[in-house]
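I have placed the structure first, in the form of structure tokens, so that the comments after it can refer back to it.
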Amino acid sequence: MKIDELRSQNNAELARRLDDAYQEMFNLRFQRATGKLANTARFGEVRRDIARIKTILRERELAGE
């Protein structure tokens with residue numbers, strides 16, 4: 001997920017993507033616990049995606065104040 005792609009979305013879309021990312025992180029944790037996780041690098045990708053989305057939302061929040 002690229003930062004420019006995220007910045008072009010509105011807050012509602014970002015919130016939906018954030019929820020999806022948290023759900024994916026939960027599923028990855030569950031797969032790891034059951035031994036079915038194939039791509040362990042996806043953890044880092046999802047974690048960084050969450051951080052990017054939260055950063056953009058926070059920037060917009062501060063800009064609005």
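Naming works like this for the structure tokens: A, B, ... for the chains as they're shown, residue 1 at the start of each chain, ligands 1 onward in shown order.
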Do a neighbour search on Thr55 of chain A at 12 Å with only C-alpha atoms, toss out local chain neighbours closer than 2 positions, and write the hits as a ChimeraX atom specification. /A:3,6-7,11,14-15,18,48-53,57-62
List every residue of chain A that DSSP, applied to the backbone, labels as helix (DSSP H, G or I), and write the result as JSON, numbers by chain. {"A": [3, 4, 5, 6, 7, 11, 12, 13, 14, 15, 16, 17, 18, 19, 20, 21, 22, 23, 24, 25, 26, 27, 28, 29, 30, 31, 32, 33, 34, 42, 43, 44, 45, 46, 47, 48, 49, 50, 51, 52, 53, 54, 55, 56, 57, 58, 59, 60, 61, 62, 63, 64]}
Writer output for current selection, C-alpha atoms, as a PDB file, in the first residue's frame:
ATOM      1  CA  ILE A   3       1.366   6.479   0.899  1.00  0.00           C
ATOM      2  CA  ASP A   4       0.123   8.521  -2.091  1.00  0.00           C
ATOM      3  CA  GLU A   5      -2.667   6.018  -2.620  1.00  0.00           C
ATOM      4  CA  LEU A   6      -3.703   6.385   1.021  1.00  0.00           C
ATOM      5  CA  ARG A   7      -3.534  10.182   1.049  1.00  0.00           C
ATOM      6  CA  ASN A  11     -11.280   9.529   6.260  1.00  0.00           C
ATOM      7  CA  ALA A  12     -14.143   7.029   5.950  1.00  0.00           C
ATOM      8  CA  GLU A  13     -12.206   4.927   3.439  1.00  0.00           C
ATOM      9  CA  LEU A  14      -9.110   5.069   5.617  1.00  0.00           C
ATOM     10  CA  ALA A  15     -11.102   3.960   8.649  1.00  0.00           C
ATOM     11  CA  ARG A  16     -12.461   1.010   6.646  1.00  0.00           C
ATOM     12  CA  ARG A  17      -8.945   0.080   5.507  1.00  0.00           C
ATOM     13  CA  LEU A  18      -7.734   0.313   9.104  1.00  0.00           C
ATOM     14  CA  ASP A  19     -10.461  -2.070  10.258  1.00  0.00           C
ATOM     15  CA  ASP A  20      -9.564  -4.461   7.441  1.00  0.00           C
ATOM     16  CA  ALA A  21      -5.882  -4.317   8.391  1.00  0.00           C
ATOM     17  CA  TYR A  22      -6.649  -5.072  12.040  1.00  0.00           C
ATOM     18  CA  GLN A  23      -8.806  -8.010  10.944  1.00  0.00           C
ATOM     19  CA  GLU A  24      -6.008  -9.303   8.721  1.00  0.00           C
ATOM     20  CA  MET A  25      -3.530  -8.989  11.598  1.00  0.00           C
ATOM     21  CA  PHE A  26      -5.863 -11.022  13.796  1.00  0.00           C
ATOM     22  CA  ASN A  27      -6.156 -13.707  11.113  1.00  0.00           C
ATOM     23  CA  LEU A  28      -2.380 -13.823  10.692  1.00  0.00           C
ATOM     24  CA  ARG A  29      -1.906 -14.263  14.433  1.00  0.00           C
ATOM     25  CA  PHE A  30      -4.464 -17.045  14.437  1.00  0.00           C
ATOM     26  CA  GLN A  31      -2.757 -18.795  11.502  1.00  0.00           C
ATOM     27  CA  ARG A  32       0.613 -18.527  13.236  1.00  0.00           C
ATOM     28  CA  ALA A  33      -0.774 -20.064  16.408  1.00  0.00           C
ATOM     29  CA  THR A  34      -2.232 -23.005  14.491  1.00  0.00           C
ATOM     30  CA  ARG A  42       3.109 -10.317   5.836  1.00  0.00           C
ATOM     31  CA  PHE A  43       3.105  -9.459   9.575  1.00  0.00           C
ATOM     32  CA  GLY A  44       5.512  -6.596   9.038  1.00  0.00           C
ATOM     33  CA  GLU A  45       3.685  -5.371   5.951  1.00  0.00           C
ATOM     34  CA  VAL A  46       0.338  -5.227   7.725  1.00  0.00           C
ATOM     35  CA  ARG A  47       1.884  -3.588  10.774  1.00  0.00           C
ATOM     36  CA  ARG A  48       3.448  -0.873   8.604  1.00  0.00           C
ATOM     37  CA  ASP A  49       0.176  -0.386   6.717  1.00  0.00           C
ATOM     38  CA  ILE A  50      -1.620   0.179  10.022  1.00  0.00           C
ATOM     39  CA  ALA A  51       1.020   2.701  11.060  1.00  0.00           C
ATOM     40  CA  ARG A  52       0.730   4.548   7.734  1.00  0.00           C
ATOM     41  CA  ILE A  53      -3.046   4.805   7.970  1.00  0.00           C
ATOM     42  CA  LYS A  54      -2.963   5.952  11.580  1.00  0.00           C
ATOM     43  CA  THR A  55      -0.312   8.548  10.735  1.00  0.00           C
ATOM     44  CA  ILE A  56      -2.405  10.018   7.925  1.00  0.00           C
ATOM     45  CA  LEU A  57      -5.520  10.124  10.098  1.00  0.00           C
ATOM     46  CA  ARG A  58      -3.577  11.863  12.878  1.00  0.00           C
ATOM     47  CA  GLU A  59      -2.072  14.390  10.453  1.00  0.00           C
ATOM     48  CA  ARG A  60      -5.558  15.264   9.212  1.00  0.00           C
ATOM     49  CA  GLU A  61      -6.843  15.516  12.768  1.00  0.00           C
ATOM     50  CA  LEU A  62      -4.078  17.951  13.720  1.00  0.00           C
ATOM     51  CA  ALA A  63      -4.516  19.980  10.531  1.00  0.00           C
ATOM     52  CA  GLY A  64      -8.202  20.418  11.337  1.00  0.00           C
TER      53      GLY A  64
END
